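With CSV, C-alpha atoms inside, this is query_26.csv:
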chain,number,residue,atom,x,y,z
A,376,MET,CA,6.9,16.1,-3.1
A,377,ARG,CA,10.6,15.7,-3.5
A,378,TYR,CA,12.0,12.9,-1.3
A,379,ARG,CA,15.5,13.0,0.2
A,380,ILE,CA,17.2,9.6,0.1
A,381,PRO,CA,20.5,9.0,1.9
A,382,ALA,CA,23.2,7.7,-0.4
A,383,ALA,CA,23.7,4.8,2.0
A,384,LEU,CA,20.1,3.7,1.6
A,385,LEU,CA,20.4,3.8,-2.2
A,386,ALA,CA,23.5,1.7,-2.0
A,387,GLU,CA,21.6,-0.7,0.4
A,388,THR,CA,18.8,-0.8,-2.2
A,389,PHE,CA,21.1,-2.0,-5.0
A,390,ASP,CA,22.9,-4.4,-2.6
A,391,VAL,CA,19.6,-6.1,-1.6
A,392,PHE,CA,18.4,-6.3,-5.3
A,393,ARG,CA,21.7,-8.0,-6.3
A,394,GLN,CA,21.6,-10.5,-3.4
A,395,CYS,CA,17.9,-11.3,-3.7
A,396,GLY,CA,17.7,-11.4,-7.4
A,397,GLY,CA,21.1,-12.8,-8.2
A,398,GLY,CA,20.9,-11.3,-11.6
A,399,GLN,CA,18.2,-13.8,-12.5
A,400,ARG,CA,15.0,-12.7,-10.7
A,401,GLU,CA,13.1,-9.5,-10.1
A,402,CYS,CA,12.8,-8.1,-6.6
A,403,GLN,CA,10.8,-5.3,-4.9
A,404,LEU,CA,11.8,-2.9,-2.1
A,405,LEU,CA,10.0,-0.1,-0.3
A,406,TRP,CA,11.2,3.2,0.9
A,407,THR,CA,9.5,4.5,4.0
A,408,SER,CA,9.5,7.6,6.1
A,409,PRO,CA,7.7,8.9,9.2
A,410,TRP,CA,4.5,10.8,8.7
A,411,SER,CA,6.0,13.5,10.9
A,412,GLU,CA,8.7,14.1,8.2
A,413,PRO,CA,7.5,12.3,5.0
A,414,GLU,CA,10.1,13.8,2.7
A,415,GLY,CA,13.0,12.2,4.5
A,416,ILE,CA,13.3,8.5,3.5
A,417,LYS,CA,14.5,6.6,6.6
A,418,ALA,CA,14.3,2.9,5.7
A,419,VAL,CA,14.6,0.3,3.0
A,420,VAL,CA,12.1,-2.5,3.5
A,421,HIS,CA,12.5,-5.9,1.8
A,422,PRO,CA,9.1,-7.6,1.5
A,423,GLN,CA,8.6,-11.3,1.5
A,424,HIS,CA,7.8,-12.2,-2.0
A,425,ARG,CA,7.9,-14.8,-4.8
A,426,ALA,CA,9.9,-13.9,-7.8
A,427,HIS,CA,11.0,-15.1,-11.2
A,428,ALA,CA,12.8,-13.6,-14.2
A,429,GLY,CA,9.7,-11.7,-15.3
A,430,GLY,CA,7.9,-10.7,-12.2
A,431,PHE,CA,7.2,-10.9,-8.5
A,432,GLU,CA,4.3,-11.0,-6.0
A,433,LEU,CA,4.3,-10.0,-2.4
A,434,ALA,CA,3.2,-12.5,0.3
A,435,SER,CA,-0.3,-11.5,1.5
A,436,ASP,CA,0.4,-12.3,5.2
A,437,TRP,CA,3.5,-10.2,5.1
A,438,VAL,CA,1.5,-7.2,3.7
A,439,ASN,CA,-1.0,-7.5,6.6
A,440,ARG,CA,1.8,-7.6,9.2
A,441,PHE,CA,3.6,-4.7,7.5
A,442,TRP,CA,0.4,-2.6,7.5
A,443,ARG,CA,0.2,-3.0,11.3
A,444,ASP,CA,3.9,-2.1,11.7
A,445,LEU,CA,3.5,1.1,9.7
A,446,ALA,CA,0.6,2.1,11.9
A,447,ARG,CA,2.6,1.2,15.1
A,448,THR,CA,5.6,3.2,13.9
A,449,GLY,CA,3.8,6.1,12.3
A,450,SER,CA,5.4,5.5,9.0
A,451,GLY,CA,4.3,5.4,5.4
A,452,ILE,CA,5.5,3.9,2.1
A,453,ARG,CA,6.6,6.7,-0.2
A,454,VAL,CA,8.3,4.8,-3.1
A,455,GLN,CA,8.1,1.2,-4.4
A,456,ILE,CA,11.2,0.1,-6.3
A,457,HIS,CA,11.6,-3.0,-8.4
A,458,THR,CA,14.0,-4.4,-10.9
A,459,HIS,CA,13.5,-5.5,-14.5
A,460,PRO,CA,15.8,-7.9,-16.4
A,461,HIS,CA,16.7,-5.4,-19.2
A,462,HIS,CA,15.0,-2.0,-19.9
A,463,ALA,CA,13.2,-0.1,-17.2
A,464,PHE,CA,9.5,0.8,-17.8
A,465,HIS,CA,6.2,0.6,-16.1
A,466,SER,CA,4.3,-2.5,-17.3
A,467,SER,CA,0.6,-3.1,-17.3
A,468,ILE,CA,1.1,-5.3,-14.2
A,469,ASP,CA,3.1,-2.6,-12.5
A,470,ASP,CA,0.2,-0.1,-13.2
A,471,ALA,CA,-2.5,-2.4,-11.9
A,472,PHE,CA,-1.0,-3.8,-8.7
A,473,PRO,CA,1.0,-1.2,-6.7
A,474,ILE,CA,1.2,-1.5,-3.0
A,475,ILE,CA,-0.2,2.1,-2.5
A,476,HIS,CA,-2.8,3.7,-4.6
A,477,SER,CA,-2.6,7.3,-3.4
A,478,VAL,CA,-2.1,10.3,-5.7
A,479,GLY,CA,1.6,11.2,-5.8
A,480,PHE,CA,2.8,7.7,-5.0
A,481,LEU,CA,6.0,6.8,-6.8
A,482,SER,CA,7.2,3.6,-8.5
A,483,LEU,CA,10.8,3.4,-9.5
A,484,VAL,CA,12.0,0.7,-11.9
A,485,ILE,CA,15.7,-0.2,-12.1
A,486,PRO,CA,17.1,-1.9,-15.2
A,487,ASP,CA,19.4,-4.9,-15.6
A,488,PHE,CA,18.4,-6.5,-12.3
A,489,ALA,CA,20.3,-3.5,-10.6
A,490,LEU,CA,23.6,-4.9,-11.7
A,491,GLY,CA,24.7,-1.6,-13.2
A,492,ARG,CA,26.1,1.5,-11.5
A,493,ILE,CA,24.3,2.6,-8.4
A,494,GLY,CA,22.0,5.5,-9.3
A,495,PHE,CA,19.1,6.4,-11.6
A,496,ASP,CA,20.8,5.8,-15.0
A,497,ARG,CA,18.2,4.3,-17.4
A,498,ALA,CA,15.8,4.0,-14.5
A,499,TYR,CA,12.1,4.7,-15.0
A,500,LEU,CA,10.1,6.7,-12.4
A,501,ALA,CA,6.3,6.7,-12.5
A,502,GLU,CA,3.8,8.7,-10.3
A,503,ILE,CA,0.1,8.3,-9.8
A,504,GLY,CA,-1.5,11.5,-11.1
A,505,PRO,CA,-4.7,13.3,-9.8
A,506,ASP,CA,-6.7,11.3,-12.5
A,507,GLY,CA,-5.5,8.1,-10.9
A,508,GLN,CA,-3.3,7.2,-13.9
A,509,TRP,CA,0.4,6.6,-13.8
A,510,ARG,CA,2.6,9.1,-15.6
A,511,GLU,CA,6.4,9.2,-16.1
A,512,VAL,CA,8.3,11.8,-14.1
A,513,THR,CA,12.0,12.4,-14.0
A,514,PRO,CA,13.9,10.9,-11.0
A,515,GLU,CA,15.6,14.2,-10.3
A,516,SER,CA,12.2,16.0,-10.0
A,517,ARG,CA,11.1,13.7,-7.2
A,518,LEU,CA,14.2,12.1,-5.6
A,519,GLU,CA,17.2,13.8,-4.2
A,520,ILE,CA,20.2,11.8,-3.1
A,521,ILE,CA,21.9,13.2,0.0
B,475,MET,CA,-39.4,10.0,27.0
B,476,SER,CA,-41.8,7.9,24.8
B,477,ALA,CA,-41.4,4.2,24.7
B,478,ILE,CA,-40.2,4.3,21.1
B,479,ALA,CA,-37.6,7.0,21.9
B,480,GLU,CA,-36.5,5.0,24.9
B,481,GLU,CA,-36.1,1.9,22.7
B,482,VAL,CA,-34.0,3.8,20.1
B,483,THR,CA,-31.8,5.2,22.9
B,484,ARG,CA,-31.3,1.8,24.4
B,485,ARG,CA,-30.6,-0.1,21.2
B,486,GLU,CA,-28.6,2.5,19.1
B,487,PRO,CA,-25.2,1.9,20.6
B,488,MET,CA,-25.5,-1.8,20.1
B,489,HIS,CA,-26.0,-1.4,16.4
B,490,VAL,CA,-23.2,1.1,15.7
B,491,LEU,CA,-19.7,-0.3,15.3
B,492,HIS,CA,-16.7,1.9,15.9
B,493,ILE,CA,-14.1,0.7,13.4
B,494,THR,CA,-10.5,1.8,12.9
B,495,ILE,CA,-9.2,1.6,9.3
B,496,LEU,CA,-5.5,1.3,8.7
B,497,TYR,CA,-4.0,2.5,5.4
B,498,ASN,CA,-0.3,3.2,4.8
B,499,GLY,CA,0.4,3.8,8.4
B,500,ILE,CA,-2.5,6.1,9.2
B,501,PRO,CA,-5.5,5.0,11.4
B,502,LYS,CA,-8.9,6.6,10.8
B,503,LYS,CA,-12.2,5.9,12.5
B,504,ILE,CA,-15.5,5.1,11.0
B,505,ASP,CA,-18.8,4.6,12.9
B,506,ILE,CA,-21.1,2.3,10.9
B,507,ASP,CA,-24.2,0.2,11.5
B,508,ARG,CA,-23.5,-3.5,11.9
B,509,GLU,CA,-26.2,-4.2,9.3
B,510,ALA,CA,-24.3,-2.3,6.7
B,511,THR,CA,-22.6,-4.3,4.0
B,512,VAL,CA,-18.8,-4.9,3.7
B,513,LYS,CA,-19.1,-2.9,0.4
B,514,THR,CA,-20.5,0.1,2.2
B,515,LEU,CA,-17.7,0.1,4.7
B,516,LEU,CA,-15.1,-0.4,1.9
B,517,ASP,CA,-16.5,2.5,-0.1
B,518,ARG,CA,-16.5,4.7,3.0
B,519,ALA,CA,-12.9,3.7,3.9
B,520,ILE,CA,-11.7,4.4,0.4
B,521,ALA,CA,-13.4,7.8,0.5
B,522,LEU,CA,-11.9,8.5,3.9
B,523,PHE,CA,-8.4,8.2,2.5
B,524,GLY,CA,-9.0,10.5,-0.5
B,525,ASN,CA,-11.0,8.5,-3.0
B,526,LEU,CA,-8.1,6.3,-3.8
B,527,PRO,CA,-7.6,5.4,-7.5
B,528,GLN,CA,-8.4,1.9,-8.7
B,529,PRO,CA,-10.8,1.2,-5.9
B,530,HIS,CA,-11.8,-2.2,-7.3
B,531,THR,CA,-8.3,-3.5,-6.4
B,532,LEU,CA,-8.7,-2.6,-2.7
B,533,ALA,CA,-10.2,-4.8,0.0
B,534,LEU,CA,-10.6,-4.8,3.8
B,535,TRP,CA,-8.8,-7.4,5.8
B,536,THR,CA,-9.0,-8.3,9.5
B,537,GLU,CA,-5.9,-7.9,11.7
B,538,LYS,CA,-5.7,-11.7,11.7
B,539,GLY,CA,-5.2,-11.7,8.0
B,540,ALA,CA,-8.6,-12.7,6.6
B,541,GLU,CA,-10.0,-10.8,3.6
B,542,LEU,CA,-13.6,-9.6,3.9
B,543,ALA,CA,-14.1,-11.0,0.4
B,544,ASN,CA,-18.0,-11.1,0.3
B,545,GLU,CA,-18.8,-7.5,-0.2
B,546,GLN,CA,-22.6,-8.1,0.0
B,547,GLU,CA,-22.3,-9.7,3.4
B,548,THR,CA,-23.3,-7.5,6.4
B,549,LEU,CA,-20.6,-6.6,8.9
B,550,LYS,CA,-22.5,-8.6,11.5
B,551,ALA,CA,-22.4,-11.7,9.3
B,552,ALA,CA,-18.7,-11.0,8.6
B,553,HIS,CA,-18.1,-11.1,12.4
B,554,VAL,CA,-16.8,-7.5,12.4
B,555,LYS,CA,-17.0,-6.4,16.0
B,556,ASP,CA,-17.2,-3.0,17.7
B,557,GLY,CA,-13.6,-1.7,18.3
B,558,ASP,CA,-12.1,-3.8,15.5
B,559,SER,CA,-9.2,-2.5,13.4
B,560,LEU,CA,-9.4,-3.3,9.7
B,561,ILE,CA,-6.7,-3.1,7.1
B,562,LEU,CA,-7.4,-1.4,3.8
B,563,ARG,CA,-4.9,-2.7,1.2
B,564,PRO,CA,-4.7,-4.1,-2.3
B,565,SER,CA,-5.8,-7.7,-2.7
B,566,ALA,CA,-2.6,-8.4,-4.6
B,567,VAL,CA,0.7,-6.6,-4.9
B,568,LYS,CA,2.8,-7.6,-7.8
B,569,GLY,CA,4.8,-6.4,-10.7
B,570,GLY,CA,6.9,-7.4,-13.7
B,571,LYS,CA,7.9,-6.8,-17.2
B,572,ALA,CA,5.0,-8.7,-18.9

Could I get this file's structure written as structure tokens?
Amino acid sequence: MRYRIPAALLAETFDVFRQCGGGQRECQLLWTSPWSEPEGIKAVVHPQHRAHAGGFELASDWVNRFWRDLARTGSGIRVQIHTHPHHAFHSSIDDAFPIIHSVGFLSLVIPDFALGRIGFDRAYLAEIGPDGQWREVTPESRLEII
Amino acid sequence: MSAIAEEVTRREPMHVLHITILYNGIPKKIDIDREATVKTLLDRAIALFGNLPQPHTLALWTEKGAELANEQETLKAAHVKDGDSLILRPSAVKGGKA
């Protein structure tokens, strides 16, 4: 599936990364959309989490609350996005602990704590394949900025 | 109706739990015996949502936020009740460059 992301939501994504991470800590965000129109990303969600320069972990209670919110609103998580201090890649931790495990789920990594230009320059996008393994895909093949 | 059949008819509904599983915004229903283990329910829930990869990282949680961590426990012992909604999610969500 190729998701449509409004440019304003992409700008909001970078803005939250910069405010939360302060150029010193990683941060994670989630892009969600209704199940009635999954390809149209409608919201950027900022989970409660602990973070440091080399990683982050979501608050367990927050995940439970968010799961109920998703069911109540008929929405689903389509892409998880997080920052890295320097280069963007999918680490072994990223591989092992995503928020969604479904085939086709996307994980986008933004380099330089998202302090660079807004967009997908030097970003890394991974997708869960039918074999359950993560594989790199190009951002333009899965994400369309509108 | 024989006495045995009557007994089965009378007791069966009490043994079956009608559970709703929530995963990524989608609710799905499972009927399961209350003497089944948490592991059996977890396996059925994972299969219900498309045989999710990395099943060993997924767990069931109550709506009050308690993980059903003892997979060998029966649903009855785990205090799962008829009509309960359970959350299917990873035990941990994290990432990083390490």

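Near chain B, the residues of chain A that fall inside 7 Å (using all atoms listed in the file) are Gly429, Gly430, Phe431, Glu432, Leu433, Asp436, Asn439, Trp442, Leu445, Ala446, Gly449, Ser450, Gly451, Ile452, His459, Ser466, Ile468, Asp469, Phe472, Pro473, Ile474, His476, Ser477 and Gly507 of chain A.
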
So how far away is atom CA of Glu414 of chain A from atom CA of Gly494 of chain A, in Å? 18.8 Å

Neighbour list for Leu405 of chain A as a VMD selection string, cut-off 6 Å, all atoms listed in the file, skip fewer than 2 positions in-chain: chain A and resid 419 to 420 454 to 455

One-decimal distance in Å that lies between atom CA of Ile416 of chain A and atom CA of Pro381 of chain A: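 Computed distance, atom CA of Pro381 of chain A to atom CA of Ile416 of chain A, equals 7.4 Å.
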
Distance of atom CA of Ala519 of chain B from atom CA of His421 of chain A, expressed in Å to one decimal place: 27.2 Å

When distances are computed from all atoms listed in the file, which of B:Ile520, B:His530, B:Asp556, B:Glu547 shows the smallest separation from Lys502 of chain B?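 Residue with the minimum atom-to-atom distance to Lys502 of chain B: B:Ile520.
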
All file atoms of segment 539-545 of chain B boxed axis-aligned, 3 Å per side, centre plus edges, as JSON:
{"center_x": -12.0, "center_y": -10.1, "center_z": 3.9, "size_x": 19.6, "size_y": 11.2, "size_z": 14.2}

Can you rebuild segment 533-566 of chain B with N, CA and C atoms and give it as a short mmCIF file (atom, residue, chain, number, x, y, z; two decimals), in the frame of the given file?
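Listed below is the output, part.cif:
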data_model
loop_
_atom_site.label_atom_id
_atom_site.label_comp_id
_atom_site.auth_asym_id
_atom_site.auth_seq_id
_atom_site.Cartn_x
_atom_site.Cartn_y
_atom_site.Cartn_z
N ALA B 533 -9.30 -3.93 -0.83
CA ALA B 533 -10.20 -4.80 0.00
C ALA B 533 -9.88 -4.50 1.46
N LEU B 534 -10.80 -4.92 2.31
CA LEU B 534 -10.60 -4.80 3.80
C LEU B 534 -10.20 -6.20 4.29
N TRP B 535 -9.27 -6.18 5.22
CA TRP B 535 -8.80 -7.40 5.80
C TRP B 535 -8.82 -7.25 7.34
N THR B 536 -9.05 -8.35 8.02
CA THR B 536 -9.00 -8.30 9.50
C THR B 536 -7.53 -8.29 9.92
N GLU B 537 -7.30 -7.94 11.17
CA GLU B 537 -5.90 -7.90 11.70
C GLU B 537 -5.33 -9.32 11.75
N LYS B 538 -6.21 -10.34 11.73
CA LYS B 538 -5.70 -11.70 11.70
C LYS B 538 -5.39 -12.20 10.33
N GLY B 539 -5.64 -11.34 9.33
CA GLY B 539 -5.20 -11.70 8.00
C GLY B 539 -6.27 -12.30 7.09
N ALA B 540 -7.54 -12.16 7.47
CA ALA B 540 -8.60 -12.70 6.60
C ALA B 540 -9.23 -11.57 5.81
N GLU B 541 -9.36 -11.79 4.51
CA GLU B 541 -10.00 -10.80 3.60
C GLU B 541 -11.49 -10.83 3.79
N LEU B 542 -12.13 -9.66 3.90
CA LEU B 542 -13.60 -9.60 3.90
C LEU B 542 -14.02 -9.63 2.43
N ALA B 543 -14.03 -10.83 1.89
CA ALA B 543 -14.10 -11.00 0.40
C ALA B 543 -15.58 -10.88 -0.07
N ASN B 544 -16.56 -11.20 0.77
CA ASN B 544 -18.00 -11.10 0.30
C ASN B 544 -18.49 -9.74 0.61
N GLU B 545 -18.48 -8.91 -0.42
CA GLU B 545 -18.80 -7.50 -0.20
C GLU B 545 -20.32 -7.29 0.04
N GLN B 546 -21.14 -8.28 -0.26
CA GLN B 546 -22.60 -8.10 0.00
C GLN B 546 -22.99 -8.58 1.38
N GLU B 547 -22.07 -9.19 2.09
CA GLU B 547 -22.30 -9.70 3.40
C GLU B 547 -22.45 -8.46 4.39
N THR B 548 -23.30 -8.60 5.42
CA THR B 548 -23.30 -7.50 6.40
C THR B 548 -22.11 -7.66 7.33
N LEU B 549 -21.80 -6.55 8.00
CA LEU B 549 -20.60 -6.60 8.90
C LEU B 549 -20.90 -7.55 10.05
N LYS B 550 -22.15 -7.63 10.48
CA LYS B 550 -22.50 -8.60 11.50
C LYS B 550 -22.21 -10.01 11.07
N ALA B 551 -22.64 -10.32 9.85
CA ALA B 551 -22.40 -11.70 9.30
C ALA B 551 -20.93 -11.94 9.09
N ALA B 552 -20.19 -10.87 8.81
CA ALA B 552 -18.70 -11.00 8.60
C ALA B 552 -17.96 -11.06 9.90
N HIS B 553 -18.69 -11.02 11.02
CA HIS B 553 -18.10 -11.10 12.40
C HIS B 553 -17.19 -9.90 12.67
N VAL B 554 -17.52 -8.76 12.07
CA VAL B 554 -16.80 -7.50 12.40
C VAL B 554 -17.40 -7.01 13.74
N LYS B 555 -16.53 -6.74 14.69
CA LYS B 555 -17.00 -6.40 16.00
C LYS B 555 -16.67 -4.89 16.32
N ASP B 556 -17.43 -4.35 17.27
CA ASP B 556 -17.20 -3.00 17.70
C ASP B 556 -15.73 -2.91 18.26
N GLY B 557 -15.01 -1.87 17.81
CA GLY B 557 -13.60 -1.70 18.30
C GLY B 557 -12.59 -2.38 17.39
N ASP B 558 -13.04 -3.11 16.38
CA ASP B 558 -12.10 -3.80 15.50
C ASP B 558 -11.25 -2.79 14.69
N SER B 559 -10.03 -3.19 14.37
CA SER B 559 -9.20 -2.50 13.40
C SER B 559 -9.18 -3.31 12.11
N LEU B 560 -9.42 -2.66 10.98
CA LEU B 560 -9.40 -3.30 9.70
C LEU B 560 -8.32 -2.71 8.81
N ILE B 561 -7.74 -3.54 7.97
CA ILE B 561 -6.70 -3.10 7.10
C ILE B 561 -7.22 -2.86 5.70
N LEU B 562 -6.97 -1.68 5.17
CA LEU B 562 -7.40 -1.40 3.80
C LEU B 562 -6.11 -1.47 2.92
N ARG B 563 -6.13 -2.42 1.99
CA ARG B 563 -4.90 -2.70 1.20
C ARG B 563 -5.33 -3.36 -0.13
N PRO B 564 -4.40 -3.41 -1.08
CA PRO B 564 -4.70 -4.10 -2.30
C PRO B 564 -4.83 -5.62 -2.06
N SER B 565 -5.71 -6.27 -2.81
CA SER B 565 -5.80 -7.70 -2.70
C SER B 565 -4.55 -8.42 -3.10
N ALA B 566 -3.86 -7.84 -4.08
CA ALA B 566 -2.60 -8.40 -4.60
C ALA B 566 -1.62 -7.27 -4.83
#
